[in-house]
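Here is the file protein-v1.cif (mmCIF, N, CA and C atoms and all ligand atoms; chains and numbers go by the auth columns).
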data_protein
#
loop_
_atom_site.group_PDB
_atom_site.id
_atom_site.type_symbol
_atom_site.label_atom_id
_atom_site.label_comp_id
_atom_site.label_asym_id
_atom_site.label_seq_id
_atom_site.Cartn_x
_atom_site.Cartn_y
_atom_site.Cartn_z
_atom_site.B_iso_or_equiv
_atom_site.auth_seq_id
_atom_site.auth_asym_id
ATOM 1 N N MET A 1 69.729 158.864 167.586 0.00 279 S
ATOM 2 C CA MET A 1 69.232 157.634 166.958 0.00 279 S
ATOM 3 C C MET A 1 69.837 157.500 165.574 0.00 279 S
ATOM 4 N N SER A 2 71.154 157.606 165.468 0.00 280 S
ATOM 5 C CA SER A 2 71.779 157.525 164.159 0.00 280 S
ATOM 6 C C SER A 2 72.234 156.107 163.832 0.00 280 S
ATOM 7 N N ALA A 3 72.259 155.268 164.830 0.00 281 S
ATOM 8 C CA ALA A 3 72.704 153.892 164.591 0.00 281 S
ATOM 9 C C ALA A 3 71.687 153.153 163.739 0.00 281 S
ATOM 10 N N LYS A 4 72.168 152.630 162.647 0.00 282 S
ATOM 11 C CA LYS A 4 71.286 151.894 161.751 0.00 282 S
ATOM 12 C C LYS A 4 71.867 150.505 161.516 0.00 282 S
ATOM 13 N N ILE A 5 71.176 149.531 162.030 0.00 283 S
ATOM 14 C CA ILE A 5 71.653 148.157 161.906 0.00 283 S
ATOM 15 C C ILE A 5 70.767 147.408 160.923 0.00 283 S
ATOM 16 N N THR A 6 71.403 146.805 159.947 0.00 284 S
ATOM 17 C CA THR A 6 70.666 146.034 158.957 0.00 284 S
ATOM 18 C C THR A 6 70.755 144.552 159.286 0.00 284 S
ATOM 19 N N PHE A 7 69.628 143.918 159.265 0.00 285 S
ATOM 20 C CA PHE A 7 69.601 142.483 159.487 0.00 285 S
ATOM 21 C C PHE A 7 69.207 141.775 158.205 0.00 285 S
ATOM 22 N N VAL A 8 69.869 140.670 157.958 0.00 286 S
ATOM 23 C CA VAL A 8 69.537 139.839 156.807 0.00 286 S
ATOM 24 C C VAL A 8 69.365 138.407 157.298 0.00 286 S
ATOM 25 N N ASN A 9 68.786 137.593 156.441 0.00 287 S
ATOM 26 C CA ASN A 9 68.664 136.182 156.782 0.00 287 S
ATOM 27 C C ASN A 9 69.810 135.407 156.164 0.00 287 S
ATOM 28 N N CYS A 10 70.448 134.616 156.959 0.00 288 S
ATOM 29 C CA CYS A 10 71.538 133.786 156.467 0.00 288 S
ATOM 30 C C CYS A 10 71.034 132.908 155.325 0.00 288 S
ATOM 31 N N PRO A 11 71.670 132.974 154.140 0.00 289 S
ATOM 32 C CA PRO A 11 71.219 132.193 152.988 0.00 289 S
ATOM 33 C C PRO A 11 71.277 130.693 153.245 0.00 289 S
ATOM 34 N N GLN A 12 72.043 130.312 154.212 0.00 290 S
ATOM 35 C CA GLN A 12 72.234 128.880 154.464 0.00 290 S
ATOM 36 C C GLN A 12 71.219 128.331 155.459 0.00 290 S
ATOM 37 N N CYS A 13 71.060 128.980 156.585 0.00 291 S
ATOM 38 C CA CYS A 13 70.186 128.443 157.633 0.00 291 S
ATOM 39 C C CYS A 13 68.993 129.356 157.907 0.00 291 S
ATOM 40 N N ASN A 14 68.938 130.497 157.190 0.00 292 S
ATOM 41 C CA ASN A 14 67.808 131.432 157.292 0.00 292 S
ATOM 42 C C ASN A 14 67.698 132.066 158.671 0.00 292 S
ATOM 43 N N HIS A 15 68.776 132.061 159.394 0.00 293 S
ATOM 44 C CA HIS A 15 68.791 132.677 160.710 0.00 293 S
ATOM 45 C C HIS A 15 69.086 134.165 160.562 0.00 293 S
ATOM 46 N N GLY A 16 68.383 134.986 161.320 0.00 294 S
ATOM 47 C CA GLY A 16 68.618 136.420 161.265 0.00 294 S
ATOM 48 C C GLY A 16 70.022 136.754 161.718 0.00 294 S
ATOM 49 N N VAL A 17 70.707 137.583 160.919 0.00 295 S
ATOM 50 C CA VAL A 17 72.089 137.915 161.241 0.00 295 S
ATOM 51 C C VAL A 17 72.345 139.388 160.956 0.00 295 S
ATOM 52 N N GLU A 18 73.146 140.022 161.787 0.00 296 S
ATOM 53 C CA GLU A 18 73.461 141.431 161.596 0.00 296 S
ATOM 54 C C GLU A 18 74.401 141.609 160.408 0.00 296 S
ATOM 55 N N TYR A 19 73.993 142.473 159.477 0.00 297 S
ATOM 56 C CA TYR A 19 74.810 142.713 158.291 0.00 297 S
ATOM 57 C C TYR A 19 75.644 143.962 158.533 0.00 297 S
ATOM 58 N N SER A 20 76.839 143.749 159.053 0.00 298 S
ATOM 59 C CA SER A 20 77.694 144.885 159.374 0.00 298 S
ATOM 60 C C SER A 20 79.151 144.466 159.299 0.00 298 S
ATOM 61 N N LEU A 21 80.029 145.436 159.426 0.00 299 S
ATOM 62 C CA LEU A 21 81.456 145.151 159.343 0.00 299 S
ATOM 63 C C LEU A 21 81.909 144.234 160.478 0.00 299 S
ATOM 64 N N SER A 22 81.145 144.225 161.549 0.00 300 S
ATOM 65 C CA SER A 22 81.521 143.386 162.685 0.00 300 S
ATOM 66 C C SER A 22 81.256 141.911 162.418 0.00 300 S
ATOM 67 N N ASN A 23 80.450 141.658 161.375 0.00 301 S
ATOM 68 C CA ASN A 23 80.174 140.273 161.017 0.00 301 S
ATOM 69 C C ASN A 23 81.041 139.886 159.826 0.00 301 S
ATOM 70 N N ALA A 24 82.118 139.193 160.100 0.00 302 S
ATOM 71 C CA ALA A 24 83.085 138.867 159.053 0.00 302 S
ATOM 72 C C ALA A 24 82.525 137.861 158.065 0.00 302 S
ATOM 73 N N PHE A 25 81.423 137.213 158.418 0.00 303 S
ATOM 74 C CA PHE A 25 80.893 136.145 157.568 0.00 303 S
ATOM 75 C C PHE A 25 79.622 136.573 156.846 0.00 303 S
ATOM 76 N N ARG A 26 79.283 137.853 156.918 0.00 304 S
ATOM 77 C CA ARG A 26 78.075 138.344 156.260 0.00 304 S
ATOM 78 C C ARG A 26 78.050 137.937 154.794 0.00 304 S
ATOM 79 N N PRO A 27 76.938 137.670 154.160 0.00 305 S
ATOM 80 C CA PRO A 27 75.624 137.686 154.813 0.00 305 S
ATOM 81 C C PRO A 27 75.300 136.419 155.586 0.00 305 S
ATOM 82 N N PHE A 28 76.282 135.603 155.837 0.00 306 S
ATOM 83 C CA PHE A 28 76.025 134.378 156.581 0.00 306 S
ATOM 84 C C PHE A 28 76.171 134.651 158.073 0.00 306 S
ATOM 85 N N CYS A 29 75.634 133.737 158.876 0.00 307 S
ATOM 86 C CA CYS A 29 75.653 133.943 160.316 0.00 307 S
ATOM 87 C C CYS A 29 76.959 133.452 160.913 0.00 307 S
ATOM 88 N N SER A 30 77.660 132.604 160.184 0.00 308 S
ATOM 89 C CA SER A 30 78.873 132.022 160.749 0.00 308 S
ATOM 90 C C SER A 30 79.762 131.501 159.635 0.00 308 S
ATOM 91 N N GLU A 31 81.004 131.204 159.998 0.00 309 S
ATOM 92 C CA GLU A 31 81.923 130.656 159.009 0.00 309 S
ATOM 93 C C GLU A 31 81.418 129.314 158.494 0.00 309 S
ATOM 94 N N ARG A 32 80.791 128.570 159.382 0.00 310 S
ATOM 95 C CA ARG A 32 80.289 127.249 159.019 0.00 310 S
ATOM 96 C C ARG A 32 79.267 127.359 157.878 0.00 310 S
ATOM 97 N N CYS A 33 78.326 128.278 158.012 0.00 311 S
ATOM 98 C CA CYS A 33 77.307 128.437 156.977 0.00 311 S
ATOM 99 C C CYS A 33 77.938 128.945 155.684 0.00 311 S
ATOM 100 N N ARG A 34 78.903 129.823 155.794 0.00 312 S
ATOM 101 C CA ARG A 34 79.543 130.348 154.598 0.00 312 S
ATOM 102 C C ARG A 34 80.239 129.225 153.836 0.00 312 S
ATOM 103 N N LEU A 35 80.946 128.366 154.555 0.00 313 S
ATOM 104 C CA LEU A 35 81.661 127.271 153.913 0.00 313 S
ATOM 105 C C LEU A 35 80.672 126.278 153.298 0.00 313 S
ATOM 106 N N MET A 36 79.558 126.037 153.975 0.00 314 S
ATOM 107 C CA MET A 36 78.550 125.124 153.445 0.00 314 S
ATOM 108 C C MET A 36 77.992 125.661 152.141 0.00 314 S
ATOM 109 N N ASP A 37 77.744 126.981 152.088 0.00 315 S
ATOM 110 C CA ASP A 37 77.210 127.583 150.867 0.00 315 S
ATOM 111 C C ASP A 37 78.212 127.464 149.725 0.00 315 S
ATOM 112 N N LEU A 38 79.463 127.722 150.012 0.00 316 S
ATOM 113 C CA LEU A 38 80.494 127.595 148.982 0.00 316 S
ATOM 114 C C LEU A 38 80.560 126.164 148.468 0.00 316 S
ATOM 115 N N GLY A 39 80.388 125.201 149.377 0.00 317 S
ATOM 116 C CA GLY A 39 80.411 123.801 148.986 0.00 317 S
ATOM 117 C C GLY A 39 79.257 123.463 148.064 0.00 317 S
ATOM 118 N N GLN A 40 78.083 124.027 148.325 0.00 318 S
ATOM 119 C CA GLN A 40 76.923 123.780 147.470 0.00 318 S
ATOM 120 C C GLN A 40 77.171 124.335 146.082 0.00 318 S
ATOM 121 N N TRP A 41 77.729 125.531 146.009 0.00 319 S
ATOM 122 C CA TRP A 41 78.028 126.115 144.703 0.00 319 S
ATOM 123 C C TRP A 41 78.957 125.206 143.915 0.00 319 S
ATOM 124 N N ALA A 42 79.967 124.719 144.579 0.00 320 S
ATOM 125 C CA ALA A 42 80.943 123.868 143.908 0.00 320 S
ATOM 126 C C ALA A 42 80.285 122.586 143.407 0.00 320 S
ATOM 127 N N ASN A 43 79.402 122.024 144.219 0.00 321 S
ATOM 128 C CA ASN A 43 78.750 120.775 143.846 0.00 321 S
ATOM 129 C C ASN A 43 77.790 120.976 142.676 0.00 321 S
ATOM 130 N N GLU A 44 77.147 122.112 142.631 0.00 322 S
ATOM 131 C CA GLU A 44 76.164 122.360 141.575 0.00 322 S
ATOM 132 C C GLU A 44 76.828 122.845 140.292 0.00 322 S
ATOM 133 N N GLY A 45 78.084 123.150 140.342 0.00 323 S
ATOM 134 C CA GLY A 45 78.821 123.515 139.137 0.00 323 S
ATOM 135 C C GLY A 45 78.442 124.871 138.576 0.00 323 S
ATOM 136 N N TYR A 46 78.083 125.795 139.443 0.00 324 S
ATOM 137 C CA TYR A 46 77.801 127.166 139.023 0.00 324 S
ATOM 138 C C TYR A 46 76.773 127.213 137.887 0.00 324 S
ATOM 139 N N LYS A 47 75.542 126.890 138.229 0.00 325 S
ATOM 140 C CA LYS A 47 74.478 126.829 137.222 0.00 325 S
ATOM 141 C C LYS A 47 74.081 128.217 136.728 0.00 325 S
ATOM 142 N N ILE A 48 74.219 129.219 137.576 0.00 326 S
ATOM 143 C CA ILE A 48 73.807 130.571 137.192 0.00 326 S
ATOM 144 C C ILE A 48 74.791 131.134 136.165 0.00 326 S
ATOM 145 N N PRO A 49 74.283 131.588 135.016 0.00 327 S
ATOM 146 C CA PRO A 49 75.160 132.124 133.965 0.00 327 S
ATOM 147 C C PRO A 49 75.965 133.314 134.455 0.00 327 S
ATOM 148 N N VAL A 50 77.212 133.388 134.045 0.00 328 S
ATOM 149 C CA VAL A 50 78.080 134.487 134.446 0.00 328 S
ATOM 150 C C VAL A 50 77.601 135.804 133.838 0.00 328 S
ATOM 151 N N GLU A 51 76.958 135.724 132.666 0.00 329 S
ATOM 152 C CA GLU A 51 76.512 136.927 131.966 0.00 329 S
ATOM 153 C C GLU A 51 75.583 137.757 132.842 0.00 329 S
ATOM 154 N N THR A 52 74.695 137.083 133.578 0.00 330 S
ATOM 155 C CA THR A 52 73.758 137.793 134.445 0.00 330 S
ATOM 156 C C THR A 52 74.507 138.603 135.494 0.00 330 S
ATOM 157 N N ASN A 53 75.528 138.013 136.077 0.00 331 S
ATOM 158 C CA ASN A 53 76.298 138.712 137.103 0.00 331 S
ATOM 159 C C ASN A 53 76.998 139.938 136.508 0.00 331 S
ATOM 160 N N LEU A 54 77.513 139.816 135.300 0.00 332 S
ATOM 161 C CA LEU A 54 78.215 140.931 134.685 0.00 332 S
ATOM 162 C C LEU A 54 77.265 142.095 134.438 0.00 332 S
ATOM 163 N N GLU A 55 76.030 141.790 134.026 0.00 333 S
ATOM 164 C CA GLU A 55 75.062 142.862 133.784 0.00 333 S
ATOM 165 C C GLU A 55 74.754 143.612 135.068 0.00 333 S
ATOM 166 N N ASP A 56 74.612 142.864 136.157 0.00 334 S
ATOM 167 C CA ASP A 56 74.331 143.497 137.435 0.00 334 S
ATOM 168 C C ASP A 56 75.481 144.421 137.848 0.00 334 S
ATOM 169 N N LEU A 57 76.694 143.969 137.625 0.00 335 S
ATOM 170 C CA LEU A 57 77.856 144.775 138.000 0.00 335 S
ATOM 171 C C LEU A 57 77.894 146.069 137.192 0.00 335 S
ATOM 172 N N ASN A 58 77.558 145.993 135.912 0.00 336 S
ATOM 173 C CA ASN A 58 77.588 147.179 135.070 0.00 336 S
ATOM 174 C C ASN A 58 76.577 148.219 135.550 0.00 336 S
ATOM 175 N N GLU A 59 75.402 147.749 135.934 0.00 337 S
ATOM 176 C CA GLU A 59 74.383 148.683 136.394 0.00 337 S
ATOM 177 C C GLU A 59 74.820 149.374 137.684 0.00 337 S
ATOM 178 N N ASP A 60 75.454 148.622 138.555 0.00 338 S
ATOM 179 C CA ASP A 60 75.878 149.188 139.826 0.00 338 S
ATOM 180 C C ASP A 60 76.999 150.207 139.649 0.00 338 S
ATOM 181 N N SER A 61 77.826 150.015 138.629 0.00 339 S
ATOM 182 C CA SER A 61 79.002 150.865 138.484 0.00 339 S
ATOM 183 C C SER A 61 78.679 152.186 137.808 0.00 339 S
ATOM 184 N N ILE A 62 77.511 152.302 137.186 0.00 340 S
ATOM 185 C CA ILE A 62 77.147 153.540 136.493 0.00 340 S
ATOM 186 C C ILE A 62 76.816 154.644 137.492 0.00 340 S
HETATM 187 ZN ZN ZN B . 73.587 130.434 159.024 0.00 1 Y
#

Could I get this structure in the form of structure tokens?
Amino acid sequence: MSAKITFVNCPQCNHGVEYSLSNAFRPFCSERCRLMDLGQWANEGYKIPVETNLEDLNEDSI
């Protein structure tokens, strides 16, 4: 019982999707949802400050 499969909810359609290397569109369920999410980001003009992302990266790299 060593197989460990992680499931996440697609950020776009909230559909359960396997989060693994076999899913090229993770964490999305499909290419369609991934492209839709990218389109939303572009339309909203990246409201989330970049500084927050940099802090998260620093914590992960320690
Ligand atoms: Zn989806």

Give one line per residue of chain S that approaches ligand ZN 1 (chain Y) to at most 6.5 Å, naming the two atoms of the closest pair and their distance in Å to one decimal, counting all atoms listed in the file; sort by chain then ascending residue number and deliver it as a tab-separated table.
residue	atom	partner	partner_atom	distance
S:Cys288	CA	Y:ZN1	ZN	4.7
S:Pro289	N	Y:ZN1	ZN	5.8
S:Gln290	C	Y:ZN1	ZN	4.8
S:Cys291	N	Y:ZN1	ZN	3.8
S:Asn292	N	Y:ZN1	ZN	5.0
S:His293	N	Y:ZN1	ZN	5.1
S:Phe306	C	Y:ZN1	ZN	5.0
S:Cys307	N	Y:ZN1	ZN	3.9
S:Ser308	N	Y:ZN1	ZN	4.8
S:Cys311	CA	Y:ZN1	ZN	4.7
S:Arg312	N	Y:ZN1	ZN	6.3

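Shell of Thr284 of chain S at 8 Å, with only N, CA and C atoms counted and residues fewer than 5 places along the chain excluded, is Val295, Glu296, Tyr297 and Ser298 of chain S.
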
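Minimum distance to Val286 of chain S across S:Arg304, S:Leu299, S:Ala320, S:Asp315 (counting only C-alpha atoms) occurs at S:Arg304.
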
Please determine an axis-aligned box that encloses all atoms of segment 308-312 of chain S listed in the file, with 4 Å added on each side, and express its centre and edge lengths in Å to one decimal as lines of an AutoDock Vina configuration file.
center_x = 79.6
center_y = 129.9
center_z = 157.3
size_x = 12.6
size_y = 13.4
size_z = 14.9

message = One number please: atom C of Gly294 of chain S to atom CA of Trp319 of chain S, in Å, one decimal.
response = 21.6 Å

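The interatomic distance for the pair atom CA of Ser300 of chain S and atom C of Ile283 of chain S works out to 11.6 Å.
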
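Rounded to one decimal, atom N of Glu309 of chain S and atom N of Phe285 of chain S lie 17.1 Å from each other.
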